[in-house]
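Trainee: Handing over protein_25.txt, compact mmCIF, C-alpha atoms and all ligand atoms.
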```txt
# COMPACT_ATOMS: atom_id res chain seq x y z
CA MET X 574 7.86 -21.75 -25.68
CA SER X 575 6.61 -20.80 -22.26
CA GLN X 576 2.84 -20.61 -21.84
CA ASN X 577 3.48 -17.24 -20.17
CA ASP X 578 4.87 -15.93 -23.48
CA VAL X 579 1.93 -17.38 -25.40
CA LEU X 580 -0.57 -15.75 -23.05
CA PHE X 581 1.30 -12.44 -22.96
CA ASP X 582 1.37 -12.24 -26.77
CA ARG X 583 -2.34 -13.03 -26.85
CA ALA X 584 -3.15 -10.52 -24.07
CA LYS X 585 -1.34 -7.74 -25.91
CA GLN X 586 -3.79 -8.08 -28.82
CA THR X 587 -6.78 -7.07 -26.71
CA ILE X 588 -5.55 -5.45 -23.48
CA PRO X 589 -3.26 -2.38 -23.60
CA GLY X 590 0.21 -3.67 -22.77
CA GLY X 591 -1.34 -7.06 -22.01
CA VAL X 592 -2.15 -6.11 -18.42
CA ASN X 593 -4.89 -4.43 -16.41
CA SER X 594 -2.47 -2.55 -14.12
CA PRO X 595 0.89 -1.31 -15.46
CA VAL X 596 3.39 -2.76 -12.95
CA ARG X 597 2.27 -6.30 -13.85
CA ALA X 598 3.85 -5.92 -17.30
CA PHE X 599 7.45 -6.24 -15.96
CA LYS X 600 8.44 -3.13 -17.88
CA ALA X 601 10.92 -2.00 -15.21
CA VAL X 602 12.70 -5.35 -14.99
CA GLY X 603 12.20 -6.72 -18.51
CA GLY X 604 11.08 -10.24 -19.43
CA THR X 605 7.66 -11.83 -19.58
CA PRO X 606 5.12 -11.47 -16.79
CA ARG X 607 4.00 -14.71 -15.20
CA PHE X 608 0.33 -15.54 -15.78
CA VAL X 609 -1.01 -16.96 -12.54
CA THR X 610 -3.25 -20.02 -12.66
CA LYS X 611 -3.83 -20.63 -8.95
CA GLY X 612 -2.63 -19.78 -5.47
CA ASP X 613 -2.44 -21.65 -2.19
CA GLY X 614 -1.03 -20.38 1.09
CA ALA X 615 2.30 -18.62 0.45
CA TYR X 616 2.53 -19.80 -3.17
CA PHE X 617 1.16 -19.26 -6.62
CA TRP X 618 1.71 -21.15 -9.85
CA ASP X 619 2.24 -19.77 -13.35
CA ALA X 620 0.94 -20.97 -16.71
CA ASP X 621 3.90 -23.39 -17.04
CA GLY X 622 3.02 -24.99 -13.71
CA LYS X 623 6.05 -23.42 -11.97
CA ARG X 624 5.59 -22.61 -8.29
CA TYR X 625 6.63 -19.29 -6.72
CA ILE X 626 6.87 -18.12 -3.13
CA ASP X 627 4.63 -15.06 -3.41
CA TYR X 628 6.02 -11.87 -1.84
CA ILE X 629 3.53 -9.49 -3.42
CA GLY X 630 0.30 -10.99 -2.06
CA SER X 631 -1.82 -9.13 -4.63
CA TRP X 632 0.14 -5.99 -3.57
CA GLY X 633 -0.91 -6.28 0.04
CA PRO X 634 -4.41 -7.69 0.54
CA MET X 635 -3.44 -11.36 0.98
CA ILE X 636 -2.16 -11.08 4.55
CA LEU X 637 -3.46 -14.57 5.31
CA GLY X 638 -2.04 -16.09 2.13
CA HIS X 639 -4.12 -17.58 -0.66
CA ARG X 640 -7.22 -19.69 -0.06
CA HIS X 641 -7.36 -19.24 3.69
CA PRO X 642 -10.12 -21.68 4.75
CA ALA X 643 -12.06 -19.23 6.95
CA VAL X 644 -12.02 -16.56 4.24
CA THR X 645 -13.00 -18.96 1.48
CA ALA X 646 -15.88 -20.30 3.59
CA ALA X 647 -17.15 -16.78 4.37
CA VAL X 648 -17.04 -15.78 0.69
CA LEU X 649 -18.79 -18.95 -0.49
CA ALA X 650 -21.53 -18.52 2.13
CA ALA X 651 -22.03 -14.89 1.05
CA VAL X 652 -22.20 -15.87 -2.63
CA GLU X 653 -24.99 -18.31 -1.80
CA GLN X 654 -27.02 -15.40 -0.40
CA GLY X 655 -26.71 -13.18 -3.47
CA LEU X 656 -24.02 -11.06 -5.08
CA SER X 657 -25.24 -7.48 -4.73
CA PHE X 658 -28.41 -5.66 -3.70
CA GLY X 659 -27.83 -1.92 -3.83
CA ALA X 660 -29.61 -1.76 -0.48
CA PRO X 661 -28.03 -1.81 2.99
CA THR X 662 -26.94 -5.07 4.63
CA GLU X 663 -26.00 -5.90 8.22
CA ARG X 664 -22.55 -7.03 7.09
CA GLU X 665 -21.60 -3.46 6.08
CA VAL X 666 -22.44 -2.31 9.60
CA GLU X 667 -20.42 -5.15 11.09
CA LEU X 668 -17.40 -4.25 8.98
CA ALA X 669 -17.71 -0.56 9.87
CA GLU X 670 -17.91 -1.49 13.59
CA GLU X 671 -14.89 -3.75 13.26
CA ILE X 672 -12.77 -1.04 11.57
CA ILE X 673 -13.76 1.54 14.19
CA LYS X 674 -12.97 -0.88 17.02
CA LEU X 675 -9.45 -1.51 15.67
CA VAL X 676 -8.64 2.08 14.63
CA PRO X 677 -9.98 4.46 17.29
CA SER X 678 -9.29 7.68 15.30
CA ILE X 679 -12.07 6.55 12.94
CA GLU X 680 -15.50 7.39 14.35
CA MET X 681 -17.45 6.95 11.12
CA VAL X 682 -16.50 5.22 7.91
CA ARG X 683 -17.79 4.94 4.34
CA LEU X 684 -17.11 1.82 2.28
CA VAL X 685 -16.11 2.02 -1.39
CA SER X 686 -14.61 -0.38 -3.92
CA SER X 687 -11.00 0.74 -4.51
CA GLY X 688 -8.23 2.68 -2.83
CA THR X 689 -8.32 5.19 -5.67
CA GLU X 690 -11.98 5.88 -5.01
CA ALA X 691 -11.36 6.17 -1.27
CA GLY X 692 -8.46 8.63 -1.66
CA MET X 693 -10.31 10.74 -4.19
CA SER X 694 -13.41 10.87 -2.00
CA ALA X 695 -11.39 11.72 1.09
CA ILE X 696 -9.88 14.73 -0.71
CA ARG X 697 -13.32 15.92 -1.83
CA LEU X 698 -14.64 15.53 1.69
CA ALA X 699 -11.67 17.40 3.21
CA ARG X 700 -12.20 20.23 0.75
CA GLY X 701 -15.94 20.28 1.39
CA ALA X 702 -15.54 20.17 5.16
CA THR X 703 -12.93 22.95 5.31
CA GLY X 704 -14.15 25.09 2.42
CA ARG X 705 -10.53 25.21 1.18
CA SER X 706 -8.94 24.04 -2.08
CA LYS X 707 -5.27 23.29 -1.58
CA ILE X 708 -3.90 19.88 -0.74
CA ILE X 709 -0.40 18.79 0.19
CA LYS X 710 1.08 15.46 -0.79
CA PHE X 711 4.61 14.08 -0.71
CA GLU X 712 6.81 13.04 -3.57
CA GLY X 713 6.83 9.26 -3.89
CA CYS X 714 3.54 8.76 -2.02
CA TYR X 715 0.81 7.21 -4.14
CA HIS X 716 -2.84 7.83 -3.33
CA GLY X 717 -4.50 6.16 -6.28
CA HIS X 718 -4.90 7.57 -9.78
CA ALA X 719 -7.47 10.30 -9.28
CA ASP X 720 -6.52 13.30 -11.45
CA ALA X 721 -5.76 15.73 -8.62
CA LEU X 722 -3.33 13.26 -7.04
CA LEU X 723 -1.30 12.35 -10.11
CA VAL X 724 1.27 15.03 -9.51
CA LYS X 725 5.01 15.05 -9.50
CA ALA X 726 7.17 17.59 -7.73
CA GLY X 727 9.35 19.86 -9.78
CA SER X 728 12.45 21.22 -8.14
CA GLY X 729 12.09 23.97 -5.60
CA LEU X 730 10.36 24.23 -2.30
CA ALA X 731 6.61 24.13 -2.68
CA THR X 732 5.86 23.17 -6.22
CA PHE X 733 2.35 23.30 -7.58
CA GLY X 734 1.01 21.15 -10.28
CA ASN X 735 3.01 19.24 -12.86
CA PRO X 736 0.79 16.30 -13.79
CA THR X 737 2.67 12.97 -13.88
CA SER X 738 0.24 11.55 -16.41
CA ALA X 739 -0.92 12.70 -19.82
CA GLY X 740 -4.60 13.51 -19.80
CA VAL X 741 -4.51 15.55 -16.60
CA PRO X 742 -5.01 19.25 -17.37
CA PRO X 743 -2.68 21.54 -15.34
CA GLU X 744 -5.75 23.37 -13.95
CA VAL X 745 -6.85 20.14 -12.26
CA VAL X 746 -3.65 19.90 -10.23
CA GLN X 747 -3.07 23.59 -9.64
CA HIS X 748 -4.13 23.23 -6.01
CA THR X 749 -1.95 20.18 -5.34
CA MET X 750 1.34 20.94 -3.61
CA VAL X 751 4.06 18.29 -3.66
CA LEU X 752 6.78 18.29 -0.99
CA PRO X 753 9.76 16.04 -0.30
CA PHE X 754 9.03 13.32 2.27
CA ASN X 755 10.63 13.60 5.72
CA ASP X 756 11.68 17.21 5.09
CA ILE X 757 10.54 19.37 8.02
CA GLU X 758 11.92 22.61 6.57
CA ALA X 759 10.00 22.27 3.31
CA LEU X 760 6.86 21.40 5.26
CA GLU X 761 7.18 24.46 7.49
CA ALA X 762 7.82 26.72 4.51
CA ALA X 763 4.75 25.39 2.69
CA PHE X 764 2.52 25.93 5.71
CA ALA X 765 4.00 29.39 6.31
CA ALA X 766 3.13 30.37 2.75
CA TYR X 767 -0.20 28.62 2.19
CA GLY X 768 -1.24 27.02 5.49
CA ASP X 769 -4.60 28.73 5.91
CA ASP X 770 -5.66 27.61 2.40
CA VAL X 771 -4.75 23.96 2.95
CA ALA X 772 -7.77 21.62 3.12
CA CYS X 773 -5.73 18.55 3.77
CA LEU X 774 -2.31 17.01 4.00
CA MET X 775 -2.42 13.46 2.68
CA MET X 776 0.39 11.04 3.40
CA GLU X 777 1.35 7.41 3.55
CA PRO X 778 2.68 7.19 7.14
CA VAL X 779 4.82 4.23 6.09
CA ALA X 780 5.29 4.84 2.38
CA GLY X 781 4.98 1.68 0.31
CA ASN X 782 4.94 3.14 -3.16
CA MET X 783 8.57 4.28 -3.09
CA ASN X 784 9.66 0.87 -1.85
CA PHE X 785 9.48 1.10 1.98
CA VAL X 786 10.16 4.44 3.68
CA ARG X 787 8.90 5.36 7.15
CA SER X 788 8.03 8.90 8.07
CA SER X 789 10.37 9.88 10.85
CA VAL X 790 8.73 10.54 14.21
CA PRO X 791 9.81 14.23 14.33
CA PHE X 792 8.46 14.72 10.81
CA MET X 793 5.15 13.12 11.72
CA LYS X 794 4.92 15.21 14.87
CA ARG X 795 5.42 18.38 12.82
CA CYS X 796 2.80 17.29 10.24
CA ARG X 797 0.29 16.92 13.07
CA GLU X 798 1.23 20.22 14.73
CA LEU X 799 1.07 22.24 11.53
CA CYS X 800 -2.27 20.74 10.43
CA THR X 801 -3.73 21.50 13.84
CA ALA X 802 -2.34 25.03 13.92
CA HIS X 803 -3.72 25.84 10.45
CA GLY X 804 -7.03 23.96 10.68
CA ALA X 805 -6.01 21.53 7.92
CA ILE X 806 -7.08 17.90 7.91
CA LEU X 807 -4.31 15.34 8.42
CA ALA X 808 -5.36 12.42 6.22
CA PHE X 809 -3.49 9.12 6.48
CA ASP X 810 -3.50 6.95 3.40
CA GLU X 811 -3.28 3.55 5.04
CA VAL X 812 -4.49 1.65 1.98
CA MET X 813 -1.26 -0.33 2.02
CA CYS X 814 0.00 -0.14 5.60
CA GLY X 815 -3.43 -0.34 7.28
CA PHE X 816 -3.89 -3.68 9.12
CA ARG X 817 -0.57 -4.66 7.52
CA VAL X 818 2.18 -3.12 9.66
CA ALA X 819 0.21 -3.53 12.94
CA LEU X 820 -3.30 -4.45 14.05
CA GLY X 821 -3.99 -0.79 14.86
CA SER X 822 -2.42 0.20 11.50
CA ALA X 823 0.54 2.59 11.11
CA GLN X 824 -1.16 5.27 13.20
CA SER X 825 -0.94 3.01 16.26
CA LEU X 826 2.87 2.93 15.84
CA TYR X 827 3.09 6.73 15.80
CA ALA X 828 0.67 7.00 18.72
CA LYS X 829 3.21 5.03 20.77
CA GLU X 830 5.89 7.63 20.02
CA ILE X 831 3.78 10.81 20.06
CA PRO X 832 1.36 11.09 23.02
CA GLY X 833 -2.25 11.58 21.89
CA PHE X 834 -1.34 11.28 18.22
CA GLU X 835 -4.21 10.70 15.75
CA PRO X 836 -4.85 11.57 12.12
CA ASP X 837 -8.17 13.31 11.34
CA MET X 838 -9.03 11.04 8.45
CA THR X 839 -7.86 7.61 7.31
CA VAL X 840 -8.07 5.95 3.91
CA MET X 841 -8.10 2.14 3.91
CA GLY X 842 -8.03 -0.59 1.28
CA LYS X 843 -6.13 -3.76 0.39
CA VAL X 844 -6.19 -5.85 3.64
CA ILE X 845 -9.71 -4.72 4.61
CA GLY X 846 -11.00 -6.43 1.46
CA GLY X 847 -8.89 -9.56 1.94
CA GLY X 848 -8.53 -9.86 -1.86
CA MET X 849 -11.95 -8.56 -2.92
CA PRO X 850 -12.59 -5.03 -4.24
CA LEU X 851 -13.21 -3.08 -1.05
CA ALA X 852 -11.80 0.12 0.43
CA ALA X 853 -12.92 2.78 2.89
CA PHE X 854 -12.38 6.26 4.18
CA GLY X 855 -13.25 7.41 7.65
CA GLY X 856 -12.45 9.80 10.45
CA LYS X 857 -13.92 12.18 12.93
CA ARG X 858 -17.70 12.23 13.12
CA GLU X 859 -17.65 15.99 12.58
CA VAL X 860 -15.78 15.64 9.27
CA MET X 861 -17.65 12.55 8.06
CA SER X 862 -20.99 14.26 8.68
CA HIS X 863 -20.33 16.48 5.67
CA LEU X 864 -20.84 13.44 3.45
CA ALA X 865 -24.13 12.87 1.58
CA PRO X 866 -26.83 12.05 2.57
CA LEU X 867 -26.00 13.88 5.83
CA GLY X 868 -24.11 16.74 4.26
CA ALA X 869 -23.32 18.53 1.03
CA VAL X 870 -20.32 16.49 -0.18
CA TYR X 871 -21.51 13.99 -2.79
CA GLN X 872 -20.11 10.47 -3.01
CA ALA X 873 -21.76 7.20 -4.10
CA GLY X 874 -21.14 3.70 -5.51
CA THR X 875 -23.28 0.97 -7.09
CA LEU X 876 -21.17 -1.81 -5.56
CA SER X 877 -20.07 0.03 -2.40
CA GLY X 878 -20.24 -2.22 0.66
CA ASN X 879 -20.73 -5.24 -1.59
CA PRO X 880 -21.95 -8.24 0.47
CA VAL X 881 -19.35 -10.69 -0.85
CA ALA X 882 -16.48 -8.22 -0.46
CA THR X 883 -17.53 -7.30 3.08
CA ALA X 884 -17.77 -11.00 4.02
CA CYS X 885 -14.21 -11.47 2.76
CA GLY X 886 -12.95 -8.39 4.59
CA LEU X 887 -14.67 -9.31 7.86
CA ALA X 888 -13.27 -12.84 7.82
CA THR X 889 -9.80 -11.43 7.17
CA LEU X 890 -10.01 -8.84 9.97
CA ARG X 891 -11.17 -11.54 12.40
CA GLU X 892 -8.17 -13.74 11.62
CA ILE X 893 -5.59 -10.98 12.07
CA GLN X 894 -6.93 -10.25 15.57
CA LYS X 895 -6.01 -13.70 16.85
CA PRO X 896 -3.42 -13.61 19.66
CA GLY X 897 0.16 -13.43 18.44
CA PHE X 898 -0.76 -12.88 14.79
CA PHE X 899 1.27 -9.72 14.26
CA GLU X 900 4.12 -10.80 16.53
CA THR X 901 4.69 -13.90 14.38
CA LEU X 902 4.23 -12.03 11.11
CA HIS X 903 6.61 -9.28 12.20
CA ALA X 904 9.28 -11.76 13.31
CA ARG X 905 9.02 -13.78 10.11
CA THR X 906 9.28 -10.71 7.89
CA ARG X 907 12.20 -9.41 9.93
CA ALA X 908 13.96 -12.79 9.58
CA LEU X 909 13.64 -12.48 5.80
CA ILE X 910 15.15 -8.98 5.70
CA ASP X 911 17.89 -9.76 8.23
CA GLY X 912 18.77 -12.98 6.41
CA MET X 913 19.01 -11.29 3.02
CA THR X 914 21.04 -8.40 4.45
CA THR X 915 23.53 -10.77 6.07
CA GLU X 916 23.99 -12.75 2.85
CA ALA X 917 24.33 -9.66 0.67
CA ARG X 918 26.96 -8.10 2.92
CA ALA X 919 28.84 -11.41 3.14
CA ALA X 920 28.98 -11.28 -0.67
CA GLY X 921 30.33 -7.72 -0.50
CA ILE X 922 27.19 -6.11 -1.90
CA SER X 923 25.75 -2.80 -0.67
CA PHE X 924 22.36 -3.73 0.72
CA CYS X 925 19.93 -2.72 3.44
CA GLY X 926 16.32 -3.34 4.31
CA ASP X 927 13.53 -2.54 6.72
CA SER X 928 10.21 -4.10 7.70
CA GLU X 929 7.21 -3.64 9.96
CA GLY X 930 4.53 -6.27 10.50
CA GLY X 931 4.14 -8.06 7.17
CA MET X 932 5.52 -5.29 4.94
CA PHE X 933 9.14 -4.90 3.87
CA GLY X 934 11.56 -3.16 1.55
CA TYR X 935 15.15 -3.75 0.47
CA PHE X 936 17.63 -1.52 -1.31
CA PHE X 937 20.95 -1.98 -3.03
CA MET X 938 22.57 0.79 -0.97
CA ASP X 939 24.29 1.12 2.40
CA THR X 940 21.76 3.11 4.39
CA LEU X 941 17.98 3.34 4.34
CA PRO X 942 16.67 6.16 2.14
CA GLN X 943 14.42 8.85 3.64
CA ASN X 944 12.75 10.14 0.48
CA TYR X 945 11.91 9.41 -3.14
CA VAL X 946 14.97 11.03 -4.68
CA THR X 947 17.27 8.81 -2.60
CA VAL X 948 15.22 5.67 -3.28
CA MET X 949 15.74 6.28 -6.98
CA THR X 950 19.53 6.25 -6.57
CA THR X 951 19.41 2.51 -5.73
CA ASP X 952 21.38 0.35 -8.16
CA ALA X 953 18.74 -0.63 -10.76
CA THR X 954 21.05 -3.03 -12.60
CA HIS X 955 21.67 -5.00 -9.40
CA PHE X 956 17.99 -4.89 -8.57
CA ASN X 957 16.87 -6.21 -11.96
CA ARG X 958 19.44 -9.01 -12.06
CA PHE X 959 18.58 -9.98 -8.51
CA PHE X 960 14.87 -9.95 -9.33
CA HIS X 961 15.27 -12.28 -12.31
CA HIS X 962 17.61 -14.63 -10.49
CA MET X 963 15.06 -14.95 -7.68
CA LEU X 964 12.24 -15.45 -10.16
CA ASP X 965 14.16 -18.32 -11.76
CA GLU X 966 14.60 -19.75 -8.26
CA GLY X 967 10.83 -19.65 -7.74
CA VAL X 968 10.70 -16.51 -5.56
CA TYR X 969 8.37 -13.75 -6.75
CA PHE X 970 9.42 -10.32 -5.46
CA ALA X 971 7.86 -7.06 -6.64
CA PRO X 972 8.95 -6.44 -10.26
CA ALA X 973 10.04 -2.82 -9.69
CA LEU X 974 12.47 -1.28 -7.22
CA PHE X 975 10.02 1.36 -6.01
CA GLU X 976 7.52 -1.20 -4.69
CA ALA X 977 7.25 -2.68 -1.19
CA GLY X 978 7.03 -6.43 -0.51
CA PHE X 979 4.65 -8.47 1.60
CA VAL X 980 4.86 -11.55 3.79
CA SER X 981 1.69 -13.41 4.77
CA ALA X 982 0.80 -15.55 7.76
CA ALA X 983 1.05 -18.54 5.42
CA HIS X 984 4.79 -18.01 4.85
CA SER X 985 6.61 -20.58 6.98
CA GLU X 986 10.05 -20.40 8.56
CA GLN X 987 11.10 -22.84 5.84
CA ASP X 988 9.80 -20.52 3.09
CA VAL X 989 11.88 -17.70 4.53
CA ALA X 990 14.95 -19.95 4.87
CA ASP X 991 14.53 -21.13 1.25
CA THR X 992 14.25 -17.51 0.11
CA VAL X 993 17.39 -16.47 1.98
CA ALA X 994 19.28 -19.46 0.53
CA ALA X 995 18.14 -18.47 -2.98
CA ALA X 996 19.15 -14.86 -2.29
CA LYS X 997 22.63 -16.05 -1.26
CA ARG X 998 23.05 -17.72 -4.67
CA ALA X 999 21.67 -14.62 -6.39
CA PHE X 1000 24.13 -12.31 -4.57
CA ALA X 1001 27.00 -14.61 -5.51
CA ALA X 1002 25.91 -14.38 -9.15
CA LEU X 1003 25.89 -10.57 -9.02
C1 LIG X 1101 -2.79 0.64 -3.63
C2 LIG X 1101 -2.83 2.00 -3.08
C3 LIG X 1101 -3.83 2.92 -3.45
C4 LIG X 1101 -4.81 2.65 -4.55
O1 LIG X 1101 -5.65 1.58 -4.27
P1 LIG X 1101 -6.39 0.85 -5.49
O2 LIG X 1101 -7.30 -0.13 -4.82
O3 LIG X 1101 -5.30 0.22 -6.32
O4 LIG X 1101 -7.12 1.88 -6.27
C5 LIG X 1101 -3.88 4.13 -2.79
N1 LIG X 1101 -3.01 4.44 -1.83
C6 LIG X 1101 -2.02 3.59 -1.45
C7 LIG X 1101 -1.10 3.98 -0.35
C8 LIG X 1101 -1.89 2.35 -2.08
O5 LIG X 1101 -0.90 1.54 -1.73
```
Any chance you could give the structure as structure tokens?

Mentor:
Amino acid sequence: MSQNDVLFDRAKQTIPGGVNSPVRAFKAVGGTPRFVTKGDGAYFWDADGKRYIDYIGSWGPMILGHRHPAVTAAVLAAVEQGLSFGAPTEREVELAEEIIKLVPSIEMVRLVSSGTEAGMSAIRLARGATGRSKIIKFEGCYHGHADALLVKAGSGLATFGNPTSAGVPPEVVQHTMVLPFNDIEALEAAFAAYGDDVACLMMEPVAGNMNFVRSSVPFMKRCRELCTAHGAILAFDEVMCGFRVALGSAQSLYAKEIPGFEPDMTVMGKVIGGGMPLAAFGGKREVMSHLAPLGAVYQAGTLSGNPVATACGLATLREIQKPGFFETLHARTRALIDGMTTEARAAGISFCGDSEGGMFGYFFMDTLPQNYVTVMTTDATHFNRFFHHMLDEGVYFAPALFEAGFVSAAHSEQDVADTVAAAKRAFAAL
């Protein structure tokens, strides 16, 4: 019997579902989750000692791969100085300065410990700063599991409040509007009806929680125009795509297409912690000044700006600024997607994919989807069989078809070639 089965059975006795975050349980694809014993570079090993090429990278943070020497050294040095103080440290200031240098729309930033906390706090701040209650989000975009954001769209144009999770009272989400992604008409209708009550529009500019779906440039342009016209805050959730799709994050890509483009607020996480619990939200000085202790919007955290986490994040951000880092990462990720697409089509299978920087998505369909409803029409049977074939081959892709994938700087050309060769065998088996 596999040690993974032994551990999973044991875990299920004490941890709900055997996991501390649902997608790890393999519920969508079936089978037993792999218990990881160690990682190194582009690989991790499971409890049976089997090696996998890791394409989830802890769901995004591990952009340098596992055990990067500079990151490990920075963390060990920080540990030697003490784990947490609950008083300010210079390293928090350094990290704030680094984030602001790389993402110019951020003038001030507050550090927290998870993306959920950052998204939740950003919404509270937007509401406090505007004195308005309503928020707009898009179907298929995930902003953490704060109550007000766990909302699914019903049918119809601007749908308020159907909680996606039990335990969220309808009153808590009554101000949350959910719209289809990349749908300019629905967006215009929502702003026409409620625009002057909207505190903030929150979006993943490159959505990574419905696989991989970019906002179109015209859609983004309209989001910006309507927020500006109605005095609503445009908040980018770059927890996943921040420092992942480009050094300047996704907003730098849209700024190239739309002159003067900037969001008003940005939520960060994942890569900025380099694998430690660290996230942030920031934006215009005027908005951020509403935050306690300067202003009336309360927000706090015992471990916020933790000295070990900030050391890890700083070391990571320094590495990704090295010349050519994103060019190489982008080319390698693109080679993976192009290689898989070529092999799938040669095998007569409907398949397409997209990537930016070190983030990618692939779909068992002919053309790239533009929204959640279309993503969900992908062939789940093909996806699940492909996933398990690749897992057997020692390639660990995301265990659900609505998740994005990640390539790190530690993935070599050979790793990508091995993955494409394995995918060719998997497509033949389909
Ligand atoms: C992962 C993620 C979050 C939540 O971050 P946690 O650290 O898991 O709480 C929020 N928004 C987006 C876009 C994410 O990908």

Trainee: Just how far from CA of Gln872 in chain X is CA of Leu668 in chain X, in Å to one decimal?

Mentor: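 One can read the CA of Leu668 in chain X to CA of Gln872 in chain X distance as 19.2 Å.
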
Trainee: What residues of the protein or nucleic acid chains come within 10 Å of ligand LIG 1101 (chain X) when you use all atoms listed in the file? Reply as a PyMOL selection string.

Mentor: chain X and resi 594+631-634+685-693+714-719+776-783+809-815+840-843+846+849-853+976-977

Trainee: Residues within 12 Å of Ser575 in chain X, please, as an NGL selection string. Count only C-alpha atoms; anything in the same chain fewer than 4 positions from it doesn't count.

Mentor: :X and (579-582 or 604-608 or 619-623)

Trainee: Quick one: residues within 12 Å of Phe937 in chain X, all atoms listed in the file counted, chain neighbours fewer than 4 positions away excluded, as a VMD selection string?

Mentor: chain X and resid 784 913 to 914 917 to 918 921 to 926 941 to 942 947 to 960 974 to 975 1000 1003

Trainee: Put those residues in a file: C-alpha atoms, as an mmCIF file, in the coordinates of the input.

Mentor:
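Generated output (part-v3.cif):
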```cif
data_model
loop_
_atom_site.group_PDB
_atom_site.id
_atom_site.type_symbol
_atom_site.label_atom_id
_atom_site.label_comp_id
_atom_site.auth_asym_id
_atom_site.auth_seq_id
_atom_site.Cartn_x
_atom_site.Cartn_y
_atom_site.Cartn_z
ATOM 1 C CA ASN X 784 9.660 0.870 -1.850
ATOM 2 C CA MET X 913 19.010 -11.290 3.020
ATOM 3 C CA THR X 914 21.040 -8.400 4.450
ATOM 4 C CA ALA X 917 24.330 -9.660 0.670
ATOM 5 C CA ARG X 918 26.960 -8.100 2.920
ATOM 6 C CA GLY X 921 30.330 -7.720 -0.500
ATOM 7 C CA ILE X 922 27.190 -6.110 -1.900
ATOM 8 C CA SER X 923 25.750 -2.800 -0.670
ATOM 9 C CA PHE X 924 22.360 -3.730 0.720
ATOM 10 C CA CYS X 925 19.930 -2.720 3.440
ATOM 11 C CA GLY X 926 16.320 -3.340 4.310
ATOM 12 C CA LEU X 941 17.980 3.340 4.340
ATOM 13 C CA PRO X 942 16.670 6.160 2.140
ATOM 14 C CA THR X 947 17.270 8.810 -2.600
ATOM 15 C CA VAL X 948 15.220 5.670 -3.280
ATOM 16 C CA MET X 949 15.740 6.280 -6.980
ATOM 17 C CA THR X 950 19.530 6.250 -6.570
ATOM 18 C CA THR X 951 19.410 2.510 -5.730
ATOM 19 C CA ASP X 952 21.380 0.350 -8.160
ATOM 20 C CA ALA X 953 18.740 -0.630 -10.760
ATOM 21 C CA THR X 954 21.050 -3.030 -12.600
ATOM 22 C CA HIS X 955 21.670 -5.000 -9.400
ATOM 23 C CA PHE X 956 17.990 -4.890 -8.570
ATOM 24 C CA ASN X 957 16.870 -6.210 -11.960
ATOM 25 C CA ARG X 958 19.440 -9.010 -12.060
ATOM 26 C CA PHE X 959 18.580 -9.980 -8.510
ATOM 27 C CA PHE X 960 14.870 -9.950 -9.330
ATOM 28 C CA LEU X 974 12.470 -1.280 -7.220
ATOM 29 C CA PHE X 975 10.020 1.360 -6.010
ATOM 30 C CA PHE X 1000 24.130 -12.310 -4.570
ATOM 31 C CA LEU X 1003 25.890 -10.570 -9.020
#
```

Trainee: Which of these, X:Val602, X:Val946, X:Ala904, X:Ala996, has the shortest distance to Leu752 in chain X once you count only C-alpha atoms?

Mentor: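 That would be X:Val946, the residue with the smallest distance to Leu752 in chain X.
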
Trainee: Between X:Leu675, X:Ala971, X:Ala695, X:Met681, which is the closest to Asp627 in chain X once you count only C-alpha atoms?

Mentor: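 Closest candidate: X:Ala971.
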
Trainee: Give as a VMD selection string every residue, naming chains and numbers as the document does, that has an atom within 7 Å of (-7.0, 28.5, 8.7), counting all atoms listed in the file.

Mentor: chain X and resid 768 to 770 803 to 804

Trainee: Let me make sure I understand: among X:Gly912, X:Gly638, X:Gly897, X:Gly931, which one has the smallest atom-to-atom distance to Thr992 in chain X if we use all atoms listed in the file?

Mentor: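 Smallest separation from Thr992 in chain X among the options: X:Gly912.
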
Trainee: Quote the spacing between CA of Glu830 in chain X and CA of Pro791 in chain X in Å to one decimal place.

Mentor: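 For CA of Glu830 in chain X relative to CA of Pro791 in chain X, the distance reads 9.6 Å.
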
Trainee: Between CA of Gln987 in chain X and CA of Val968 in chain X, what is the distance, to one decimal in Å?

Mentor: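 Rounded to one decimal, the two atoms are 13.0 Å apart.
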
Trainee: With 3 Å of padding per side, what axis-aligned box (centre and edge lengths, Å, one decimal) covers all the listed atoms of range 920-937 of chain X? Give it as JSON.

Mentor:
```
{"center_x": 17.2, "center_y": -6.4, "center_z": 3.7, "size_x": 32.2, "size_y": 15.8, "size_z": 19.5}
```

Trainee: Kindly indicate which residue among X:Ile679, X:Cys796, X:Ile626, X:Val980 lies nearest to Ala908 in chain X, using all atoms listed in the file for the distances.

Mentor: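 Of X:Ile679, X:Cys796, X:Ile626, X:Val980, the one nearest Ala908 in chain X, counting all atoms listed in the file, is X:Val980.
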
Trainee: For Leu876 in chain X, which residue out of X:Val989, X:Leu684, X:Leu902, X:Ala650 is the nearest one, using all atoms listed in the file?

Mentor: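 The closest residue to Leu876 in chain X is X:Leu684.
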
Trainee: Which residue is closest to Val860 in chain X? Choose from X:Ala699, X:Ala766, X:Ile845, X:Leu774 and count all atoms listed in the file.

Mentor: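 Checking each candidate against Val860 in chain X, we get X:Ala699 as the closest.
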
Trainee: Would you kindly return, as a list in words, each protein, DNA or RNA residue with an atom no farther than 7 Å from any atom of Val644 in chain X, considering only C-alpha atoms and excluding same-chain residues fewer than 5 positions away?

Mentor: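 After dropping sequence-adjacent residues, the list is Cys885, Ala888 and Thr889 of chain X.
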